[in-house]
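Engineer: Submitted below is the structure of interest, expressed as structure tokens.
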Amino acid sequence: MEVGTWAVVAAAVAVTAYTAWFWRLSRVLSGPRVWPVLGSLPGLVQHAEDMHEWIAANLRSAGGTYQTCIFAVPGVARRGGLVTVTSDPRNLEHVLKTRFDNYPKGPFWHAVFRDLLGDGIFHSDGETWVTQRKTAALEFTTRTLRTAISRWVSRSIHLRLLPILDEAAAGKAHVDLQDLLLRLTFDNICGLAFGKDPETLAPGLPENAFASAFDRATEATLNRFVFPECLWRCKKWLGLGMETTLARSVAHVDQYLAAVIKARKLELAGNGKCDTVATHDDLLSRFMRKGSYSDESLQHVALNFILAGRDTSSVVLSWFFWLVSTHPAVEDKIVRELSAVLAVSRCAHGPALWLAAPFTFEELDRLVYLKAALSETLRLYPSVPEDSKHVVADDYLPDGTFVPAGSPVTYSIYSAGRMKTVWGDDYLEFRPERWLSADGTKFEPHDSYRFVAFNAGPRICLGKDLAYLQMKNIAGSVLLRHRLAVEPGHRVEQKMSLTLFMKHGLRMKVHLRDLAPVIDELRGADAAARPATVPCA
């Protein structure tokens, strides 16, 4: 038999063998269509602009869990190429809590983020994570930290954000609210993380070298998720494209933080002056007082908290203000709650005393409907829509799905909040009342494995309570003074990123709020129906 004939026969055998293998593989996969060799890549490309909705639709069709194959190639598909996607609360509890040690962040996440975040708490595993988590957990439970973030947030709101909104209202101009909120939360988290205010939310919205370098470094880091690891590692070695941007930006960020740490050490030494030490209540200073962290580790501590705390709150607030502006009944209830709480706590039925000072902790704690509206926003538009874990050893999920070692498990936070089987027939409706008691007076949280916007299990967000505190302060301060409306013609769309930004920002018209109707209603209300408080002197 000639060589050419042997080649044809061998090719035919190979095709037949692959066809049989692919047929068996496709029978066990339950997700979107998988193509020979290319796997699910065509679907991913086709739905690149509506990825989260596509995943949610697939999960609803599959009953909460499906498996797909990125590359349908023998030897690859079973492990690295096989992806398990789930939003089933039972599976989420299994992965995030019950078998926590079997589902770490994994080597891929660590490789992607290491240049920017080092071995920080955001993506580290094992003892490195445990040590940082214990230290951070102790600090996040202190009242002084709550006081510190309240001080930073209140100052940014009243001295920067509100004047900008007042000016826009007076000039009948629009603002990009997403940009303003990003700047606000960046200034706040920098103040909380290392005690320095970059002042990005200032008149004229100036550029800040540290903020710009951090943005470029973050964007370049996230770009690594787009390309195969071998490709971005090659680009890094050759110094090409975004890898060059990443290296330069990280160097700038490291230089800035190194100077901050050096100066802070001198300040904390303070020649023994207690008042100098007491003024530094930021996280960096708190970690430094532990005395067991290198300068590099301290830099990574600060950067991890900035990354975790900046985008998350601003993204939620952007979607919140958009939802409220398109649901006037919800907006009306929020404004009435704000007014009722302030009327009692400040003993006044007029806006003068309501607007004269920032909210107190007690006032913010009593804003239960506002917290419900923020939680409902997080259900529909979580800051981080998708997350994943690395499978260490073969395992079975509670729903019977087998997950092989070396493969990833993606848990879709976006989809978890949009499952009809979990949230009922109105799962797509923005309805804050689902978070309230029957009489509407108490906030009732849902199970943390149904509502995973703050993660769950041992890695549950340490800053959850502080995030609510900050978001309620910002949302309440703005809505008490202003009515916002999306600028006509502006398109509100999701940006496909690790964080659920709005693709085109959030361009809004700003109007001063008329509180007269609410005040008249409060004056005519029966005193017994008002929230209980200390009688006015």
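Letters A, B, ... go to the chains of the structure tokens in the order shown; residues in each chain start at 1; ligands are counted from 1 in the same order.
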Skip stretch 371-386 of chain A itself and residues of its chain fewer than 4 positions away, then list as a PyMOL selection string all residues within 9 Å of it, counting only C-alpha atoms.

Structural biologist: chain A and resi 52+311-317+319-320+323-324+330+334+365+367+410-418+427-436+443-445+451-454+468+471-472+497-501

Engineer: Create the file for the chosen residues now, containing N, CA and C atoms and written as a short mmCIF file (atom, residue, chain, number, x, y, z; two decimals), in the first residue's frame.

Structural biologist:
data_model
loop_
_atom_site.label_atom_id
_atom_site.label_comp_id
_atom_site.auth_asym_id
_atom_site.auth_seq_id
_atom_site.Cartn_x
_atom_site.Cartn_y
_atom_site.Cartn_z
N HIS A 52 -23.13 37.93 30.57
CA HIS A 52 -23.77 37.57 31.83
C HIS A 52 -25.21 37.13 31.62
N ASP A 311 -14.05 49.92 43.11
CA ASP A 311 -15.00 49.67 42.04
C ASP A 311 -16.33 49.12 42.55
N THR A 312 -16.27 48.29 43.60
CA THR A 312 -17.47 47.58 44.02
C THR A 312 -18.59 48.53 44.44
N SER A 313 -18.32 49.44 45.36
CA SER A 313 -19.37 50.35 45.84
C SER A 313 -19.83 51.30 44.75
N SER A 314 -18.91 51.82 43.96
CA SER A 314 -19.29 52.79 42.93
C SER A 314 -20.15 52.13 41.85
N VAL A 315 -19.85 50.87 41.52
CA VAL A 315 -20.64 50.16 40.52
C VAL A 315 -22.06 49.94 41.02
N VAL A 316 -22.20 49.49 42.26
CA VAL A 316 -23.53 49.27 42.84
C VAL A 316 -24.33 50.57 42.85
N LEU A 317 -23.70 51.66 43.29
CA LEU A 317 -24.40 52.94 43.36
C LEU A 317 -24.82 53.45 41.99
N TRP A 319 -25.72 51.61 39.35
CA TRP A 319 -26.92 50.86 38.99
C TRP A 319 -28.09 51.24 39.88
N PHE A 320 -27.81 51.53 41.16
CA PHE A 320 -28.87 51.94 42.08
C PHE A 320 -29.53 53.24 41.63
N LEU A 323 -31.64 52.59 38.56
CA LEU A 323 -32.88 51.89 38.87
C LEU A 323 -33.88 52.80 39.58
N VAL A 324 -33.40 53.58 40.54
CA VAL A 324 -34.29 54.47 41.28
C VAL A 324 -34.88 55.53 40.35
N VAL A 330 -40.33 53.73 44.04
CA VAL A 330 -39.24 53.37 44.95
C VAL A 330 -38.53 54.64 45.44
N ILE A 334 -38.06 56.03 49.35
CA ILE A 334 -36.75 56.32 49.94
C ILE A 334 -36.72 57.73 50.51
N ASP A 365 -28.54 53.63 60.34
CA ASP A 365 -29.01 52.30 60.73
C ASP A 365 -30.52 52.16 60.60
N LEU A 367 -32.39 53.44 58.23
CA LEU A 367 -32.82 53.53 56.83
C LEU A 367 -32.97 52.12 56.24
N THR A 410 -16.97 27.85 37.84
CA THR A 410 -17.41 29.25 37.83
C THR A 410 -18.76 29.34 38.52
N TYR A 411 -18.82 30.19 39.54
CA TYR A 411 -20.14 30.42 40.15
C TYR A 411 -20.60 31.80 39.72
N SER A 412 -21.78 31.81 39.11
CA SER A 412 -22.31 33.02 38.50
C SER A 412 -23.14 33.79 39.51
N ILE A 413 -22.55 34.84 40.06
CA ILE A 413 -23.24 35.68 41.05
C ILE A 413 -24.38 36.43 40.38
N TYR A 414 -24.15 36.86 39.15
CA TYR A 414 -25.19 37.56 38.38
C TYR A 414 -26.40 36.65 38.20
N SER A 415 -26.15 35.40 37.82
CA SER A 415 -27.25 34.46 37.58
C SER A 415 -27.94 34.06 38.87
N ALA A 416 -27.19 33.97 39.97
CA ALA A 416 -27.78 33.56 41.25
C ALA A 416 -28.91 34.49 41.67
N GLY A 417 -28.82 35.75 41.29
CA GLY A 417 -29.86 36.71 41.64
C GLY A 417 -30.99 36.77 40.63
N ARG A 418 -30.90 35.95 39.58
CA ARG A 418 -31.90 36.00 38.51
C ARG A 418 -32.47 34.62 38.19
N TYR A 427 -38.69 37.52 39.48
CA TYR A 427 -37.24 37.54 39.70
C TYR A 427 -36.52 38.65 38.93
N LEU A 428 -37.12 39.16 37.86
CA LEU A 428 -36.48 40.23 37.10
C LEU A 428 -36.96 41.62 37.51
N GLU A 429 -37.90 41.69 38.43
CA GLU A 429 -38.43 42.98 38.87
C GLU A 429 -37.58 43.58 39.98
N PHE A 430 -37.45 44.90 39.95
CA PHE A 430 -36.75 45.63 41.00
C PHE A 430 -37.77 45.91 42.11
N ARG A 431 -37.74 45.08 43.15
CA ARG A 431 -38.74 45.16 44.21
C ARG A 431 -38.06 45.07 45.58
N PRO A 432 -37.69 46.22 46.17
CA PRO A 432 -37.02 46.23 47.47
C PRO A 432 -37.80 45.54 48.57
N GLU A 433 -39.12 45.48 48.43
CA GLU A 433 -39.97 44.90 49.49
C GLU A 433 -39.63 43.44 49.78
N ARG A 434 -38.98 42.74 48.84
CA ARG A 434 -38.64 41.34 49.08
C ARG A 434 -37.60 41.20 50.20
N TRP A 435 -37.00 42.32 50.60
CA TRP A 435 -35.98 42.31 51.66
C TRP A 435 -36.54 42.80 53.01
N LEU A 436 -37.84 43.04 53.08
CA LEU A 436 -38.44 43.61 54.28
C LEU A 436 -39.39 42.61 54.95
N PHE A 443 -35.43 45.03 58.11
CA PHE A 443 -34.68 44.44 56.99
C PHE A 443 -34.47 42.96 57.28
N GLU A 444 -34.79 42.12 56.30
CA GLU A 444 -34.64 40.68 56.47
C GLU A 444 -33.71 40.13 55.38
N PRO A 445 -32.47 39.84 55.75
CA PRO A 445 -31.50 39.34 54.75
C PRO A 445 -31.87 37.95 54.27
N PHE A 451 -27.94 34.73 47.90
CA PHE A 451 -27.51 36.10 47.61
C PHE A 451 -26.01 36.18 47.89
N VAL A 452 -25.19 36.02 46.86
CA VAL A 452 -23.74 35.89 47.05
C VAL A 452 -22.97 37.13 46.57
N ALA A 453 -23.64 38.27 46.54
CA ALA A 453 -22.97 39.49 46.07
C ALA A 453 -21.78 39.87 46.95
N PHE A 454 -21.81 39.45 48.22
CA PHE A 454 -20.69 39.71 49.13
C PHE A 454 -19.86 38.46 49.37
N TYR A 468 -22.26 48.90 53.13
CA TYR A 468 -23.63 49.38 53.30
C TYR A 468 -23.64 50.77 53.93
N MET A 471 -22.59 53.23 51.20
CA MET A 471 -23.59 53.36 50.14
C MET A 471 -24.84 54.08 50.63
N LYS A 472 -25.29 53.78 51.86
CA LYS A 472 -26.46 54.47 52.40
C LYS A 472 -26.18 55.95 52.60
N SER A 497 -16.72 43.02 31.83
CA SER A 497 -15.49 43.13 32.60
C SER A 497 -15.67 42.31 33.86
N LEU A 498 -14.60 42.15 34.63
CA LEU A 498 -14.72 41.45 35.90
C LEU A 498 -15.62 42.21 36.85
N THR A 499 -15.72 43.52 36.67
CA THR A 499 -16.61 44.37 37.46
C THR A 499 -17.70 44.91 36.55
N LEU A 500 -18.93 44.97 37.05
CA LEU A 500 -20.08 45.26 36.21
C LEU A 500 -20.27 46.77 35.99
N PHE A 501 -19.30 47.39 35.31
CA PHE A 501 -19.42 48.80 34.97
C PHE A 501 -20.50 49.02 33.92
#

Engineer: Pull the alpha helix (DSSP H) assignments for stretch 22-212 of chain A out of DSSP run on the backbone, and list those residues as a PyMOL selection string.

Structural biologist: chain A and resi 22-28+41-46+51-62+89-93+107-117+126-140+143-156+162-170+177-194+209-212

Engineer: If you count only C-alpha atoms, which residues fall within 10 Å of stretch 8-20 of chain A, apart from same-chain ones fewer than 6 positions away, as a CSV table (one decimal) with C-alpha atoms, in the first residue's frame?

Structural biologist:
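The resulting file, result.csv, is shown below:
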chain,number,residue,atom,x,y,z
A,36,PRO,CA,-15.6,20.1,17.4
A,37,VAL,CA,-12.1,21.3,18.5
A,72,ALA,CA,-12.8,20.0,22.6
A,73,VAL,CA,-9.4,18.3,22.4
A,74,PRO,CA,-8.7,14.9,23.9

Engineer: Rank A:Arg133, A:Arg216, A:His511, A:Arg151 by their smallest atom-to-atom distance to A:Ile121, using only C-alpha atoms, and report the top residue only.

Structural biologist: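 Between A:Arg133, A:Arg216, A:His511, A:Arg151, the residue approaching A:Ile121 most closely is A:Arg133.
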
Engineer: From the set A:Leu44, A:Leu165, A:Ala193, A:Ala269, which residue has the shortest atom-to-atom contact distance to A:Ala148, counting only C-alpha atoms?

Structural biologist: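 So, comparing all the options, the nearest one is A:Ala193.
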
Engineer: So that I can see what lies close to A:Ser61, please list as a PyMOL selection string the residues with an atom at most 10 Å from it, counting only C-alpha atoms and leaving out residues fewer than 5 positions away in the same chain.

Structural biologist: chain A and resi 30-32+55-56+66

Engineer: Just write the chosen residues, all heavy atoms, as a PDB file, in the first residue's frame.

Structural biologist:
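File produced: out16.pdb:
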ATOM      1  N   SER A  30     -23.951  19.701  29.363  1.00  0.00           N
ATOM      2  CA  SER A  30     -25.343  20.135  29.479  1.00  0.00           C
ATOM      3  C   SER A  30     -25.533  21.615  29.178  1.00  0.00           C
ATOM      4  O   SER A  30     -26.628  22.136  29.332  1.00  0.00           O
ATOM      5  CB  SER A  30     -25.848  19.859  30.902  1.00  0.00           C
ATOM      6  OG  SER A  30     -24.968  20.424  31.868  1.00  0.00           O
ATOM      7  N   GLY A  31     -24.485  22.286  28.769  1.00  0.00           N
ATOM      8  CA  GLY A  31     -24.560  23.717  28.549  1.00  0.00           C
ATOM      9  C   GLY A  31     -24.825  24.098  27.109  1.00  0.00           C
ATOM     10  O   GLY A  31     -25.461  23.349  26.357  1.00  0.00           O
ATOM     11  N   PRO A  32     -24.333  25.259  26.697  1.00  0.00           N
ATOM     12  CA  PRO A  32     -24.521  25.714  25.312  1.00  0.00           C
ATOM     13  C   PRO A  32     -23.820  24.783  24.333  1.00  0.00           C
ATOM     14  O   PRO A  32     -22.991  23.961  24.715  1.00  0.00           O
ATOM     15  CB  PRO A  32     -23.884  27.109  25.314  1.00  0.00           C
ATOM     16  CG  PRO A  32     -22.900  27.069  26.438  1.00  0.00           C
ATOM     17  CD  PRO A  32     -23.527  26.213  27.487  1.00  0.00           C
ATOM     18  N   ILE A  55     -25.090  33.587  30.117  1.00  0.00           N
ATOM     19  CA  ILE A  55     -24.814  32.569  31.141  1.00  0.00           C
ATOM     20  C   ILE A  55     -26.058  32.333  31.989  1.00  0.00           C
ATOM     21  O   ILE A  55     -26.407  31.185  32.298  1.00  0.00           O
ATOM     22  CB  ILE A  55     -23.622  33.007  32.023  1.00  0.00           C
ATOM     23  CG1 ILE A  55     -22.324  32.985  31.211  1.00  0.00           C
ATOM     24  CG2 ILE A  55     -23.494  32.104  33.244  1.00  0.00           C
ATOM     25  CD1 ILE A  55     -21.116  33.530  31.955  1.00  0.00           C
ATOM     26  N   ALA A  56     -26.749  33.412  32.365  1.00  0.00           N
ATOM     27  CA  ALA A  56     -27.952  33.277  33.187  1.00  0.00           C
ATOM     28  C   ALA A  56     -29.035  32.484  32.453  1.00  0.00           C
ATOM     29  O   ALA A  56     -29.703  31.618  33.040  1.00  0.00           O
ATOM     30  CB  ALA A  56     -28.478  34.657  33.582  1.00  0.00           C
ATOM     31  N   TYR A  66     -24.465  23.761  34.655  1.00  0.00           N
ATOM     32  CA  TYR A  66     -24.145  23.098  33.390  1.00  0.00           C
ATOM     33  C   TYR A  66     -22.630  22.982  33.256  1.00  0.00           C
ATOM     34  O   TYR A  66     -21.874  23.667  33.958  1.00  0.00           O
ATOM     35  CB  TYR A  66     -24.744  23.837  32.189  1.00  0.00           C
ATOM     36  CG  TYR A  66     -24.165  25.197  31.863  1.00  0.00           C
ATOM     37  CD1 TYR A  66     -22.990  25.326  31.115  1.00  0.00           C
ATOM     38  CD2 TYR A  66     -24.807  26.369  32.262  1.00  0.00           C
ATOM     39  CE1 TYR A  66     -22.465  26.570  30.800  1.00  0.00           C
ATOM     40  CE2 TYR A  66     -24.302  27.616  31.947  1.00  0.00           C
ATOM     41  CZ  TYR A  66     -23.131  27.718  31.215  1.00  0.00           C
ATOM     42  OH  TYR A  66     -22.609  28.959  30.898  1.00  0.00           O
TER      43      TYR A  66
END

Engineer: For atom CA of A:Phe186 and atom CA of A:Arg155, quote the distance in Å rounded to one decimal.

Structural biologist: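 Interatomic distance, atom CA of A:Phe186 to atom CA of A:Arg155: 13.5 Å.
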
Engineer: If we count only C-alpha atoms and set the cut-off at 12 Å, which residues sit around A:Thr142, ignoring sequence neighbours fewer than 2 positions away in its own chain? Please answer as a list in words.

Structural biologist: Thr135, Ala136, Ala137, Leu138, Glu139, Phe140, Thr144, Leu145, Arg146, Thr147, Ala148, Ile149, Asp281, Asp282, Leu283, Arg286, Leu462, Gly463, Asp465 and Leu466 of chain A

Engineer: Please produce a file of those selected residues containing all heavy atoms, as a compact mmCIF listing (two decimals), in the first residue's frame.

Structural biologist:
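The resulting file, again_24.txt, is reproduced below:
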# COMPACT_ATOMS: atom_id res chain seq x y z
N THR A 135 -5.76 39.10 60.52
CA THR A 135 -5.40 40.47 60.89
C THR A 135 -6.49 41.45 60.45
O THR A 135 -6.91 42.32 61.22
CB THR A 135 -4.06 40.86 60.26
OG1 THR A 135 -3.04 39.94 60.68
CG2 THR A 135 -3.65 42.27 60.67
N ALA A 136 -6.92 41.29 59.20
CA ALA A 136 -7.93 42.20 58.66
C ALA A 136 -9.25 42.05 59.41
O ALA A 136 -9.95 43.04 59.67
CB ALA A 136 -8.12 41.94 57.18
N ALA A 137 -9.62 40.82 59.75
CA ALA A 137 -10.89 40.58 60.44
C ALA A 137 -10.93 41.29 61.79
O ALA A 137 -11.96 41.86 62.19
CB ALA A 137 -11.11 39.08 60.63
N LEU A 138 -9.81 41.29 62.49
CA LEU A 138 -9.75 41.98 63.78
C LEU A 138 -9.95 43.49 63.60
O LEU A 138 -10.64 44.13 64.38
CB LEU A 138 -8.40 41.71 64.46
CG LEU A 138 -8.19 40.29 64.99
CD1 LEU A 138 -6.75 40.12 65.48
CD2 LEU A 138 -9.17 39.99 66.13
N GLU A 139 -9.34 44.03 62.55
CA GLU A 139 -9.44 45.47 62.33
C GLU A 139 -10.84 45.88 61.87
O GLU A 139 -11.35 46.94 62.25
CB GLU A 139 -8.39 45.92 61.30
CG GLU A 139 -6.95 45.65 61.71
CD GLU A 139 -6.56 46.35 63.00
OE1 GLU A 139 -7.27 47.29 63.41
OE2 GLU A 139 -5.56 45.95 63.61
N PHE A 140 -11.48 45.06 61.05
CA PHE A 140 -12.79 45.42 60.51
C PHE A 140 -13.90 45.36 61.55
O PHE A 140 -15.01 45.83 61.30
CB PHE A 140 -13.14 44.53 59.31
CG PHE A 140 -12.65 45.08 58.01
CD1 PHE A 140 -11.36 44.83 57.57
CD2 PHE A 140 -13.48 45.86 57.22
CE1 PHE A 140 -10.91 45.34 56.36
CE2 PHE A 140 -13.04 46.38 56.01
CZ PHE A 140 -11.74 46.12 55.59
N THR A 144 -13.52 52.06 65.68
CA THR A 144 -12.70 53.17 65.18
C THR A 144 -12.61 53.14 63.66
O THR A 144 -12.55 54.20 63.03
CB THR A 144 -11.29 53.12 65.78
OG1 THR A 144 -10.72 51.82 65.54
CG2 THR A 144 -11.32 53.39 67.27
N LEU A 145 -12.60 51.95 63.06
CA LEU A 145 -12.54 51.86 61.60
C LEU A 145 -13.85 52.35 61.00
O LEU A 145 -13.87 53.04 59.97
CB LEU A 145 -12.25 50.43 61.16
CG LEU A 145 -11.91 50.25 59.67
CD1 LEU A 145 -10.62 50.97 59.32
CD2 LEU A 145 -11.80 48.78 59.31
N ARG A 146 -14.96 52.00 61.64
CA ARG A 146 -16.27 52.48 61.19
C ARG A 146 -16.32 54.01 61.25
O ARG A 146 -16.84 54.67 60.35
CB ARG A 146 -17.35 51.87 62.07
CG ARG A 146 -18.77 52.08 61.56
CD ARG A 146 -19.78 51.51 62.53
NE ARG A 146 -21.12 51.49 61.95
CZ ARG A 146 -22.22 51.59 62.67
NH1 ARG A 146 -22.15 51.75 63.96
NH2 ARG A 146 -23.40 51.56 62.09
N THR A 147 -15.78 54.55 62.32
CA THR A 147 -15.74 56.00 62.47
C THR A 147 -14.86 56.63 61.39
O THR A 147 -15.19 57.68 60.84
CB THR A 147 -15.22 56.38 63.86
OG1 THR A 147 -16.06 55.79 64.86
CG2 THR A 147 -15.20 57.89 64.05
N ALA A 148 -13.75 55.97 61.09
CA ALA A 148 -12.82 56.51 60.10
C ALA A 148 -13.45 56.58 58.73
O ALA A 148 -13.37 57.62 58.04
CB ALA A 148 -11.55 55.65 60.06
N ILE A 149 -14.09 55.50 58.28
CA ILE A 149 -14.69 55.53 56.94
C ILE A 149 -15.85 56.50 56.89
O ILE A 149 -16.07 57.17 55.88
CB ILE A 149 -15.13 54.12 56.49
CG1 ILE A 149 -15.47 54.15 54.99
CG2 ILE A 149 -16.32 53.61 57.29
CD1 ILE A 149 -15.69 52.78 54.38
N ASP A 281 -5.58 56.21 61.71
CA ASP A 281 -6.50 55.10 61.92
C ASP A 281 -6.78 54.34 60.64
O ASP A 281 -7.76 53.62 60.53
CB ASP A 281 -7.81 55.60 62.54
CG ASP A 281 -8.43 56.73 61.73
OD1 ASP A 281 -7.91 57.04 60.64
OD2 ASP A 281 -9.43 57.31 62.20
N ASP A 282 -5.91 54.51 59.61
CA ASP A 282 -6.09 53.81 58.34
C ASP A 282 -5.58 52.37 58.47
O ASP A 282 -4.88 52.00 59.42
CB ASP A 282 -5.33 54.54 57.23
CG ASP A 282 -3.87 54.76 57.59
OD1 ASP A 282 -3.56 55.78 58.25
OD2 ASP A 282 -3.04 53.89 57.26
N LEU A 283 -5.95 51.53 57.48
CA LEU A 283 -5.59 50.12 57.53
C LEU A 283 -4.08 49.90 57.46
O LEU A 283 -3.55 49.00 58.12
CB LEU A 283 -6.28 49.38 56.38
CG LEU A 283 -7.78 49.16 56.55
CD1 LEU A 283 -8.40 48.70 55.23
CD2 LEU A 283 -8.06 48.12 57.64
N ARG A 286 -2.62 50.41 60.79
CA ARG A 286 -3.02 49.33 61.69
C ARG A 286 -2.19 48.07 61.44
O ARG A 286 -1.77 47.40 62.39
CB ARG A 286 -4.51 49.03 61.49
CG ARG A 286 -5.43 50.16 61.98
CD ARG A 286 -6.85 50.01 61.45
NE ARG A 286 -7.69 51.10 61.87
CZ ARG A 286 -8.46 51.09 62.95
NH1 ARG A 286 -8.47 50.03 63.72
NH2 ARG A 286 -9.20 52.13 63.26
N LEU A 462 -15.26 41.11 54.20
CA LEU A 462 -15.07 41.70 55.52
C LEU A 462 -15.67 43.10 55.60
O LEU A 462 -16.08 43.55 56.67
CB LEU A 462 -13.57 41.78 55.84
CG LEU A 462 -12.86 40.48 56.16
CD1 LEU A 462 -11.35 40.69 56.22
CD2 LEU A 462 -13.37 39.91 57.47
N GLY A 463 -15.72 43.77 54.46
CA GLY A 463 -16.20 45.15 54.45
C GLY A 463 -17.68 45.29 54.15
O GLY A 463 -18.14 46.38 53.81
N ASP A 465 -20.48 45.39 56.01
CA ASP A 465 -21.19 46.40 56.80
C ASP A 465 -20.70 47.80 56.48
O ASP A 465 -21.51 48.75 56.42
CB ASP A 465 -21.02 46.11 58.29
CG ASP A 465 -21.74 44.82 58.72
OD1 ASP A 465 -22.68 44.42 58.00
OD2 ASP A 465 -21.35 44.23 59.73
N LEU A 466 -19.40 47.95 56.27
CA LEU A 466 -18.86 49.26 55.92
C LEU A 466 -19.34 49.69 54.54
O LEU A 466 -19.56 50.88 54.29
CB LEU A 466 -17.33 49.24 55.97
CG LEU A 466 -16.69 49.04 57.34
CD1 LEU A 466 -15.17 49.06 57.23
CD2 LEU A 466 -17.17 50.08 58.33

Engineer: Go through A:Leu59, A:Ile306, A:Ala170, A:Val260 one by one, measure the shortest atom-to-atom distance of each to A:Asn188 using only C-alpha atoms, and give the residue with the smallest value.

Structural biologist: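 Using only C-alpha atoms, A:Asn188 sits closest to A:Ile306.
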
Engineer: State, in Å with one decimal place, the distance from atom CA of A:Val83 to atom CA of A:Ala217.

Structural biologist: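 Between these atoms lies a distance of 28.0 Å.
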
Engineer: Can you measure atom CA of A:Asp101 to atom CA of A:Arg114 for me? One decimal in Å is fine.

Structural biologist: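 So the answer is 20.8 Å.
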
Engineer: For A:Ser477, which residue among A:Gln255, A:Ser285, A:Thr128, A:Thr360 is the nearest when counting only C-alpha atoms?

Structural biologist: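 Counting only C-alpha atoms, the residue closest to A:Ser477 is A:Thr360.
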
Engineer: Fewer than 3 positions away in the same chain doesn't count, so skip those; otherwise give me all residues within 8 Å of A:Val510, counting only C-alpha atoms, as a list in words.

Structural biologist: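 Non-adjacent residues within range: Leu165, Asp166, Ala168, Ala169, Lys172, Ala173, His174, Val175, His482, Arg483, Leu484 and Ala485 of chain A.
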
Engineer: Grab the residues selected above and save them as a compact mmCIF listing (two decimals), in the first residue's frame with N, CA and C atoms.

Structural biologist:
# COMPACT_ATOMS: atom_id res chain seq x y z
N LEU A 165 -22.87 68.43 42.13
CA LEU A 165 -24.26 68.21 41.72
C LEU A 165 -25.07 69.50 41.79
N ASP A 166 -24.81 70.33 42.80
CA ASP A 166 -25.50 71.62 42.91
C ASP A 166 -25.19 72.50 41.69
N ALA A 168 -24.24 71.47 38.73
CA ALA A 168 -24.88 70.89 37.54
C ALA A 168 -26.37 71.23 37.50
N ALA A 169 -27.02 71.20 38.67
CA ALA A 169 -28.45 71.53 38.73
C ALA A 169 -28.67 73.00 38.38
N LYS A 172 -28.16 73.48 34.69
CA LYS A 172 -28.95 72.55 33.86
C LYS A 172 -28.05 71.68 32.98
N ALA A 173 -26.95 71.24 33.57
CA ALA A 173 -25.97 70.42 32.85
C ALA A 173 -26.11 68.96 33.29
N HIS A 174 -25.53 68.08 32.51
CA HIS A 174 -25.53 66.67 32.88
C HIS A 174 -24.20 66.32 33.53
N VAL A 175 -24.18 65.22 34.25
CA VAL A 175 -22.95 64.69 34.83
C VAL A 175 -22.83 63.22 34.46
N HIS A 482 -31.37 65.95 45.64
CA HIS A 482 -31.46 66.00 44.19
C HIS A 482 -32.35 64.91 43.61
N ARG A 483 -32.94 65.22 42.49
CA ARG A 483 -33.68 64.25 41.70
C ARG A 483 -32.89 64.05 40.40
N LEU A 484 -32.59 62.81 40.09
CA LEU A 484 -31.74 62.49 38.95
C LEU A 484 -32.55 61.82 37.85
N ALA A 485 -32.21 62.14 36.61
CA ALA A 485 -32.89 61.53 35.47
C ALA A 485 -31.86 61.25 34.38

Engineer: Which is closest to A:Cys69 among A:Cys234, A:Pro408, A:Leu284, A:Thr326, if we use only C-alpha atoms?

Structural biologist: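 Closest candidate: A:Pro408.
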